[in-house]
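Source file: entry_4.cif (mmCIF, C-alpha atoms)
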data_query
#
loop_
_atom_site.label_atom_id
_atom_site.label_comp_id
_atom_site.auth_asym_id
_atom_site.auth_seq_id
_atom_site.Cartn_x
_atom_site.Cartn_y
_atom_site.Cartn_z
CA MET P 1409 52.89 54.13 59.23
CA ALA P 1410 50.26 54.60 56.56
CA LEU P 1411 52.88 56.01 54.24
CA ARG P 1412 55.04 52.94 54.76
CA TRP P 1413 52.13 50.66 53.85
CA PHE P 1414 51.38 52.81 50.84
CA ALA P 1415 54.96 52.62 49.62
CA LEU P 1416 55.04 48.85 50.09
CA ALA P 1417 51.74 48.38 48.31
CA LEU P 1418 52.88 50.67 45.53
CA ILE P 1419 56.00 48.59 45.00
CA LEU P 1420 54.02 45.34 45.07
CA PHE P 1421 51.31 46.45 42.67
CA ALA P 1422 52.61 49.34 40.64
CA LEU P 1423 55.86 47.75 39.47
CA PRO P 1424 54.28 44.72 37.76
CA ALA P 1425 51.56 47.01 36.43
CA GLY P 1426 54.22 49.36 35.11
CA ALA P 1427 56.00 46.50 33.41
CA GLN P 1428 52.71 45.41 31.89
CA ILE P 1429 52.05 48.94 30.67
CA ARG P 1430 55.48 49.20 29.15
CA LYS P 1431 55.07 45.81 27.46
CA GLY P 1432 51.64 46.77 26.15
CA ALA P 1433 52.87 50.16 25.05
CA VAL P 1434 55.84 48.67 23.21
CA HIS P 1435 53.52 46.18 21.49
CA LYS P 1436 51.05 48.91 20.57
CA ASN P 1437 53.93 51.11 19.50
CA LYS P 1438 55.17 48.41 17.14
CA ALA P 1439 51.69 47.83 15.74
CA ALA P 1440 51.21 51.59 15.34
CA ARG P 1441 54.53 51.84 13.51
CA GLN P 1442 53.51 49.06 11.13
CA ALA P 1443 50.10 50.60 10.55
CA ALA P 1444 51.82 53.94 9.92
CA ARG P 1445 54.08 52.24 7.36
CA ALA P 1446 51.01 50.82 5.60
CA ARG P 1447 49.31 54.23 5.65
CA MET P 1448 52.52 55.76 4.35
CA VAL P 1449 51.95 54.05 0.98
CA GLU P 1450 48.42 55.46 0.81
CA ARG P 1451 49.70 58.92 1.70
CA PHE P 1452 52.48 58.62 -0.85
CA ASN P 1453 49.91 57.61 -3.45
CA ASN P 1454 47.80 60.67 -2.60
CA MET P 1455 50.69 63.08 -3.09
CA THR P 1456 51.05 65.21 -6.19
CA PRO P 1457 53.64 64.01 -8.74
CA GLU P 1458 55.93 66.87 -7.68
CA GLU P 1459 55.72 65.87 -4.02
CA ARG P 1460 56.41 62.24 -4.88
CA GLU P 1461 59.40 63.30 -6.92
CA ARG P 1462 60.76 65.27 -3.98
CA VAL P 1463 60.46 62.18 -1.76
CA THR P 1464 62.23 59.87 -4.22
CA LYS P 1465 64.75 62.31 -5.66
CA THR P 1466 67.62 60.74 -3.71
CA LEU P 1467 67.11 57.38 -5.43
CA PRO P 1468 68.53 56.34 -8.82
CA GLU P 1469 66.30 56.64 -11.87
CA ASP P 1470 65.57 52.89 -12.25
CA ARG P 1471 64.41 52.60 -8.64
CA ARG P 1472 62.24 55.69 -8.99
CA LYS P 1473 60.58 54.11 -12.05
CA GLU P 1474 60.02 50.86 -10.16
CA ILE P 1475 58.43 52.79 -7.29
CA GLU P 1476 56.14 54.57 -9.72
CA LYS P 1477 55.12 51.29 -11.38
CA ASN P 1478 54.29 49.71 -8.01
CA ARG P 1479 52.38 52.83 -6.96
CA GLU P 1480 50.30 52.75 -10.12
CA ARG P 1481 49.38 49.12 -9.49
CA TYR P 1482 48.42 50.04 -5.95
CA ALA P 1483 46.39 53.04 -7.14
CA LYS P 1484 44.32 50.80 -9.41
CA LEU P 1485 43.03 48.76 -6.47
CA SER P 1486 39.58 49.45 -5.06
CA ASP P 1487 39.32 50.96 -1.58
CA GLU P 1488 38.34 47.59 -0.15
CA GLN P 1489 41.29 45.87 -1.83
CA LYS P 1490 43.63 48.57 -0.54
CA LYS P 1491 42.34 48.11 2.98
CA LYS P 1492 42.80 44.35 2.81
CA LEU P 1493 46.27 44.74 1.34
CA GLU P 1494 47.26 47.20 4.08
CA LYS P 1495 46.10 44.73 6.72
CA GLN P 1496 47.98 41.94 5.00
CA TYR P 1497 51.06 44.13 4.82
CA SER P 1498 50.78 44.92 8.54
CA ASN P 1499 50.75 41.18 9.26
CA PHE P 1500 53.75 40.69 7.03
CA ALA P 1501 55.61 43.54 8.73
CA GLU P 1502 55.03 41.86 12.10
CA MET P 1503 57.13 38.90 10.99
CA PRO P 1504 60.78 38.89 12.13
CA PRO P 1505 63.10 40.65 9.60
CA GLN P 1506 64.87 37.38 8.77
CA GLN P 1507 61.56 35.71 7.91
CA GLN P 1508 60.55 38.73 5.81
CA GLN P 1509 63.80 38.46 3.85
CA GLU P 1510 63.31 34.74 3.28
CA THR P 1511 59.78 35.38 2.02
CA ARG P 1512 60.99 38.08 -0.38
CA ALA P 1513 63.76 35.77 -1.64
CA ALA P 1514 61.27 32.91 -2.16
CA PHE P 1515 58.94 35.24 -4.02
CA ARG P 1516 61.78 36.47 -6.29
CA GLN P 1517 62.67 32.85 -6.98
CA MET P 1518 59.07 32.09 -7.90
CA VAL P 1519 58.78 35.10 -10.19
CA GLN P 1520 61.76 33.84 -12.20
CA MET P 1521 60.18 30.46 -12.85
CA PRO P 1522 58.37 29.61 -16.11
CA ILE P 1523 54.78 30.77 -16.28
CA ASP P 1524 53.28 27.26 -16.15
CA ARG P 1525 55.24 26.37 -13.02
CA ARG P 1526 54.34 29.68 -11.45
CA GLN P 1527 50.66 29.10 -12.09
CA ALA P 1528 50.86 25.56 -10.69
CA MET P 1529 52.60 26.84 -7.58
CA GLN P 1530 50.13 29.63 -7.08
CA LYS P 1531 47.27 27.20 -7.31
CA GLU P 1532 48.97 24.97 -4.78
CA LEU P 1533 49.67 27.93 -2.51
CA ARG P 1534 46.01 28.85 -2.36
CA LYS P 1535 45.19 25.30 -1.29
CA LEU P 1536 48.00 25.15 1.27
CA ARG P 1537 47.10 28.46 2.86
CA LEU P 1538 43.58 27.29 3.52
CA MET P 1539 44.81 24.18 5.36
CA ASP P 1540 45.59 24.01 9.06
CA PRO P 1541 49.28 23.33 9.88
CA SER P 1542 48.88 19.57 10.36
CA ALA P 1543 46.92 19.13 7.11
CA ARG P 1544 49.47 21.30 5.32
CA LYS P 1545 52.32 19.16 6.61
CA GLN P 1546 50.48 16.00 5.58
CA ARG P 1547 49.98 17.41 2.09
CA MET P 1548 53.63 18.49 1.82
CA ASP P 1549 54.80 15.05 2.92
CA SER P 1550 52.62 13.26 0.39
CA GLU P 1551 54.06 11.49 -2.63
CA ALA P 1552 51.65 13.36 -4.93
CA TYR P 1553 53.01 16.70 -3.75
CA LYS P 1554 56.63 15.61 -4.01
CA GLY P 1555 55.97 14.29 -7.49
CA ALA P 1556 54.29 17.50 -8.60
CA PHE P 1557 56.97 19.95 -7.44
CA SER P 1558 60.77 19.99 -7.61
CA ALA P 1559 62.89 20.41 -4.45
CA ASP P 1560 63.39 24.12 -5.20
CA GLU P 1561 59.70 24.63 -5.82
CA GLN P 1562 58.88 22.83 -2.59
CA LYS P 1563 61.21 25.18 -0.68
CA VAL P 1564 59.50 28.21 -2.21
CA LEU P 1565 56.05 26.81 -1.45
CA ASP P 1566 57.09 25.98 2.10
CA ARG P 1567 58.24 29.54 2.63
CA LEU P 1568 55.26 31.26 1.01
CA SER P 1569 52.56 28.99 2.42
CA VAL P 1570 53.01 30.52 5.89
CA LEU P 1571 51.51 33.80 4.66
CA VAL P 1572 47.97 33.65 5.92
CA PRO P 1573 45.33 35.02 3.55
CA GLN P 1574 43.33 38.01 4.78
CA GLN P 1575 39.79 36.98 5.59
CA MET C 960 73.12 49.39 85.12
CA ALA C 961 71.09 47.44 87.76
CA GLU C 962 72.36 47.75 91.33
CA PRO C 963 73.36 44.07 91.96
CA VAL C 964 75.29 44.02 88.68
CA ARG C 965 76.88 47.34 89.49
CA LYS C 966 78.01 46.00 92.85
CA GLN C 967 79.50 42.92 91.29
CA TYR C 968 81.18 45.10 88.70
CA TYR C 969 82.85 47.38 91.16
CA ASN C 970 83.89 44.59 93.49
CA ARG C 971 85.61 42.55 90.87
CA GLN C 972 89.36 42.37 90.61
CA PHE C 973 90.79 44.03 87.55
CA LEU C 974 94.14 42.47 86.85
CA MET C 975 96.79 44.44 85.02
CA THR C 976 97.37 41.39 82.86
CA HIS C 977 93.79 41.53 81.53
CA CYS C 978 93.78 44.07 78.76
CA PRO C 979 90.14 45.12 78.16
CA LEU C 980 90.70 45.13 74.42
CA ALA C 981 92.52 41.80 74.37
CA SER C 982 90.23 39.97 76.80
CA GLY C 983 87.10 40.62 74.77
CA GLU C 984 83.76 41.39 76.34
CA GLU C 985 84.80 40.44 79.84
CA ASN C 986 86.49 43.76 80.65
CA VAL C 987 85.50 45.97 77.80
CA ASP C 988 82.92 47.74 79.98
CA ILE C 989 85.83 49.06 82.06
CA LEU C 990 87.31 50.68 79.00
CA LEU C 991 83.97 52.11 77.88
CA ASP C 992 83.09 53.40 81.35
CA TYR C 993 86.49 55.00 81.63
CA CYS C 994 85.91 56.81 78.33
CA ASN C 995 82.43 57.82 79.50
CA ARG C 996 83.93 59.06 82.77
CA LYS C 997 81.73 56.72 84.72
CA LEU C 998 84.36 54.31 85.98
CA ASP C 999 84.79 53.86 89.70
CA PRO C 1000 87.72 56.06 90.89
CA ALA C 1001 89.46 53.04 92.39
CA LEU C 1002 89.40 51.26 89.06
CA VAL C 1003 90.42 54.44 87.22
CA ASP C 1004 93.83 54.34 88.90
CA VAL C 1005 94.30 50.68 88.05
CA PHE C 1006 93.22 51.23 84.46
CA GLU C 1007 95.39 54.29 84.00
CA GLN C 1008 98.38 52.29 85.18
CA HIS C 1009 97.42 49.67 82.60
CA MET C 1010 97.21 52.31 79.89
CA GLN C 1011 100.78 53.36 80.58
CA VAL C 1012 101.93 50.02 79.22
CA CYS C 1013 99.10 49.28 76.76
CA ALA C 1014 99.26 51.40 73.61
CA ALA C 1015 96.03 49.94 72.19
CA CYS C 1016 93.91 50.91 75.20
CA ARG C 1017 95.59 54.30 75.34
CA ALA C 1018 94.84 55.02 71.68
CA PHE C 1019 91.25 53.85 72.03
CA ALA C 1020 90.68 55.92 75.16
CA GLU C 1021 92.25 59.02 73.60
CA SER C 1022 90.06 58.81 70.53
CA GLN C 1023 86.94 58.37 72.66
CA MET C 1024 87.93 61.19 74.97
CA ALA C 1025 88.39 63.46 71.96
CA VAL C 1026 84.77 62.86 71.05
CA TRP C 1027 83.66 63.64 74.59
CA ASP C 1028 85.78 66.78 74.64
CA ALA C 1029 84.20 67.89 71.38
CA LEU C 1030 80.73 67.26 72.82
CA ASP C 1031 81.66 69.20 75.94
CA ALA C 1032 82.73 72.11 73.78
CA PHE C 1033 79.45 72.06 71.87
CA GLU C 1034 77.01 74.74 72.88
CA ALA C 1035 73.41 74.38 71.81
CA LEU C 1036 71.83 77.39 70.19
CA PRO C 1037 69.38 79.18 72.44
CA VAL C 1038 65.74 78.25 71.81
CA SER C 1039 63.70 81.13 70.49
CA PRO C 1040 61.27 82.58 73.06
CA ASP C 1041 58.17 81.70 71.03
CA PHE C 1042 59.35 78.16 70.18
CA ASP C 1043 56.75 76.51 72.42
CA ARG C 1044 53.96 78.70 71.09
CA LYS C 1045 54.90 77.94 67.46
CA LEU C 1046 55.17 74.23 68.16
CA MET C 1047 51.76 74.09 69.84
CA ALA C 1048 50.19 76.13 67.05
CA ARG C 1049 51.58 73.71 64.49
CA ILE C 1050 50.30 70.69 66.40
CA GLU C 1051 46.87 72.30 66.61
CA ARG C 1052 46.92 73.07 62.91
CA GLU C 1053 47.80 69.46 62.09
CA GLU C 1054 45.12 68.11 64.38
CA SER C 1055 42.43 70.38 63.02
CA SER C 1056 43.14 69.62 59.35
CA PRO C 1057 40.00 68.21 57.62
CA PHE C 1058 41.98 65.41 56.01
CA ARG C 1059 43.39 64.33 59.38
CA ASN C 1060 39.92 64.45 60.95
CA LEU C 1061 38.42 62.41 58.15
CA TRP C 1062 41.28 59.93 58.28
CA ASN C 1063 40.95 59.53 62.05
CA ARG C 1064 37.18 59.13 61.80
CA LEU C 1065 37.55 56.52 59.07
CA THR C 1066 40.19 54.58 60.92
CA ALA C 1067 38.81 54.97 64.42
CA GLY C 1068 41.74 57.13 65.45
CA GLY C 1069 44.24 54.64 64.13
CA THR C 1070 42.93 51.65 66.09
CA ALA C 1071 40.98 50.04 63.25
CA LEU C 1072 42.58 46.75 62.28
CA TRP C 1073 41.82 47.32 58.62
CA ARG C 1074 43.57 50.70 58.55
CA PRO C 1075 46.65 49.33 56.74
CA LEU C 1076 44.35 48.05 53.99
CA ILE C 1077 43.39 51.61 52.96
CA PRO C 1078 46.73 52.51 51.39
CA VAL C 1079 46.98 48.99 49.95
CA ALA C 1080 43.59 49.45 48.29
CA ALA C 1081 44.59 52.90 47.09
CA ALA C 1082 47.74 51.50 45.55
CA LEU C 1083 45.74 48.70 43.96
CA VAL C 1084 43.32 51.20 42.42
CA LEU C 1085 46.27 53.21 41.14
CA ALA C 1086 47.93 50.12 39.68
CA VAL C 1087 44.71 48.99 37.98
CA GLY C 1088 44.18 52.51 36.70
CA LEU C 1089 47.67 52.61 35.24
CA TRP C 1090 47.25 49.15 33.76
CA MET C 1091 43.96 50.05 32.09
CA ARG C 1092 45.15 53.42 30.90
CA PRO C 1093 45.38 53.52 27.11
CA ALA C 1094 48.96 53.40 25.91
CA SER C 1095 48.22 56.32 23.61
CA ASN C 1096 48.67 58.59 26.61
CA SER C 1097 52.07 57.21 27.41
CA GLY C 1098 53.91 59.32 24.90
CA LEU C 1099 55.44 56.24 23.32
CA GLU C 1100 53.30 56.71 20.24
CA VAL C 1101 54.83 60.05 19.52
CA ALA C 1102 57.64 58.44 17.57
CA PRO C 1103 55.50 56.69 14.91
CA ILE C 1104 53.31 59.76 14.53
CA VAL C 1105 56.38 61.86 13.92
CA ALA C 1106 57.84 59.15 11.66
CA GLU C 1107 54.63 59.03 9.68
CA THR C 1108 55.02 62.62 8.69
CA GLN C 1109 58.54 62.04 7.44
CA PHE C 1110 58.78 60.13 4.21
CA ASP C 1111 61.80 57.99 3.73
CA ALA C 1112 62.20 57.09 0.08
CA GLU C 1113 63.65 53.66 0.86
CA GLN C 1114 60.85 52.85 3.29
CA VAL C 1115 58.28 53.78 0.66
CA GLU C 1116 60.12 51.69 -1.89
CA THR C 1117 60.27 48.63 0.38
CA ALA C 1118 56.66 48.98 1.47
CA LEU C 1119 55.47 49.26 -2.15
CA GLN C 1120 57.56 46.25 -3.18
CA ASP C 1121 56.20 44.19 -0.27
CA MET C 1122 52.64 45.22 -1.04
CA GLU C 1123 53.11 44.33 -4.68
CA MET C 1124 54.51 40.95 -3.65
CA LEU C 1125 51.53 40.32 -1.39
CA ARG C 1126 49.15 41.44 -4.12
CA GLN C 1127 50.76 39.11 -6.64
CA LEU C 1128 50.63 36.26 -4.19
CA ALA C 1129 46.89 36.83 -4.31
CA LEU C 1130 46.54 36.79 -0.56
CA THR C 1131 43.67 39.19 -0.64
CA GLU C 1132 42.00 37.83 -3.76
CA PRO C 1133 42.43 34.07 -3.89
CA ALA C 1134 39.96 33.67 -6.74
CA THR C 1135 41.36 36.40 -9.00
CA GLN C 1136 43.97 35.67 -11.61
CA GLN C 1137 46.89 37.98 -10.92
CA LYS C 1138 49.39 39.30 -13.37
CA MET C 1139 53.03 38.59 -12.43
#

Would you encode the structure as structure tokens?
Amino acid sequence: MALRWFALALILFALPAGAQIRKGAVHKNKAARQAARARMVERFNNMTPEERERVTKTLPEDRRKEIEKNRERYAKLSDEQKKKLEKQYSNFAEMPPQQQQETRAAFRQMVQMPIDRRQAMQKELRKLRLMDPSARKQRMDSEAYKGAFSADEQKVLDRLSVLVPQQ
Amino acid sequence: MAEPVRKQYYNRQFLMTHCPLASGEENVDILLDYCNRKLDPALVDVFEQHMQVCAACRAFAESQMAVWDALDAFEALPVSPDFDRKLMARIEREESSPFRNLWNRLTAGGTALWRPLIPVAAALVLAVGLWMRPASNSGLEVAPIVAETQFDAEQVETALQDMEMLRQLALTEPATQQKM
């Protein structure tokens, strides 16, 4: 009799708990994977040149050079900046892949713009990121904003303004 | 079967036109009693005459009789001489187990109304324990730890590009002028 009650209670309580555990574990697993990816850059940076070469040897020369350039920029950051960047990268990696791709495309588009437009957009981005969503929308709907930026620039700003700055 | 019912049963008229299988529940007890060899001898003759013309009843009765014949042929294995002694010793062992004694004392020998709540509470504690258990023990984190030790050139490349993008977007240093 007691066993029957135990089995019933186990089904009633353990199954939802199990589902919760699995959900939590999957979430933590994802977060851990992203954190590991962020740490991977730091570990790659700490490798000897020979070790780094072994890791990238399968890639073409131009991509290897690009990796090295990006690593050098990363290496120049202070520890605090690296930590903030890793956190920011973890947040970025949590975004859906499609959104990540759109952000990368918008960034590439911005990089190709003339320096004055880039600077104007960057200035605007800093303002937009500090606004709450409703204020941001109000700003983006304003005539002043539409007059200051072309349709393409507005699309880029719209895409990049969702990246929240690391506090 | 109660005596008044039995009397009524044996006194009733079984008509050859009433097939027990065809007439439903009304006469099916005749068929079953015949197969169980409990039918009144007077009715047995009537029913056997019916079976001579009714293939369905004959087939049913033959299949049932085959089961009875098989059971008749079955011989139970002899019980070992010390069966009783072993059984009693096992019962005594069960009754004298400390867990059983504690359980009976806690639940007033099984009469306590709250007895069913004990396993429910135990299951609840287990569920809460599982829910609160850190996921790091679940083994699901093994994959990223393993992955971390394996460097994929393309992953490194993408991560560095993304970090450079984020750095240039000045997310971490809003006040600093960044080089593009």

So which residues touch Leu1536 (chain P) within 9 Å, counting all atoms listed in the file, skipping near sequence neighbours fewer than 4 positions away, as an MDAnalysis selection string? chainID P and resid 1531:1532 1540:1541 1543:1544 1547:1548 1565 1569:1570

Report, in Å to a single decimal, how far apart CA of Met1010 (chain C) and CA of Ser1022 (chain C) are. 13.5 Å

To test your reading of the syntax: which residues would the PyMOL selection byres ((chain P and resi 1560) around 12) return for the file shown? Reply as JSON, numbers by chain. {"P": [1514, 1517, 1518, 1521, 1525, 1529, 1554, 1556, 1557, 1558, 1559, 1561, 1562, 1563, 1564, 1565, 1566, 1567]}

Excluding Phe1452 (chain P) and any residue of its chain fewer than 5 positions from it, enumerate the residues within 9 Å of it, using all atoms listed in the file, and give them as a list in words.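 The filter keeps Arg1447, Glu1459, Arg1460, Val1463 and Arg1479 of chain P; Phe1110 and Val1115 of chain C.
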
What gap, in Å, lies between CA of Met1455 (chain P) and CA of Ile1475 (chain P)? 13.5 Å

For a test of reading the model, state the distance in Å between CA of Asp999 (chain C) and CA of Asp1028 (chain C), rounded to one decimal.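 So the answer is 19.9 Å.
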
Nearest to chain P, chosen from C:Asp992, C:Ala1082, C:Gln1008, C:Gln1127, with all atoms listed in the file counted in the distances: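 So, comparing all the options, the nearest one is C:Ala1082.
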
Given all atoms listed in the file as the counted atoms, nearest of P:Gln1530, P:Ser1542, P:Gln1507, P:Ser1486 to chain C: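 Of the candidates, the smallest distance to chain C is held by P:Gln1530.
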
Using all atoms listed in the file, the residue out of C:Ser1055, C:Asn1060, C:Ser1039, C:Gln1120 with shortest distance to chain P is C:Gln1120

Compare C:Lys1045, C:Arg1126, C:Lys997, C:Arg1017 by their minimum atom-to-atom distance to chain P, counting all atoms listed in the file, and give me the closest one.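 Ranked by minimum distance to chain P, first place goes to C:Arg1126.
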
Spell out the residues picked by the PyMOL selection byres ((chain C and resi 1124) around 12) here, as number ranges by chain. P: 1478, 1481-1482, 1493, 1496-1497, 1500, 1508, 1511-1519, 1568, 1571; C: 1117-1123, 1125-1131, 1137-1139
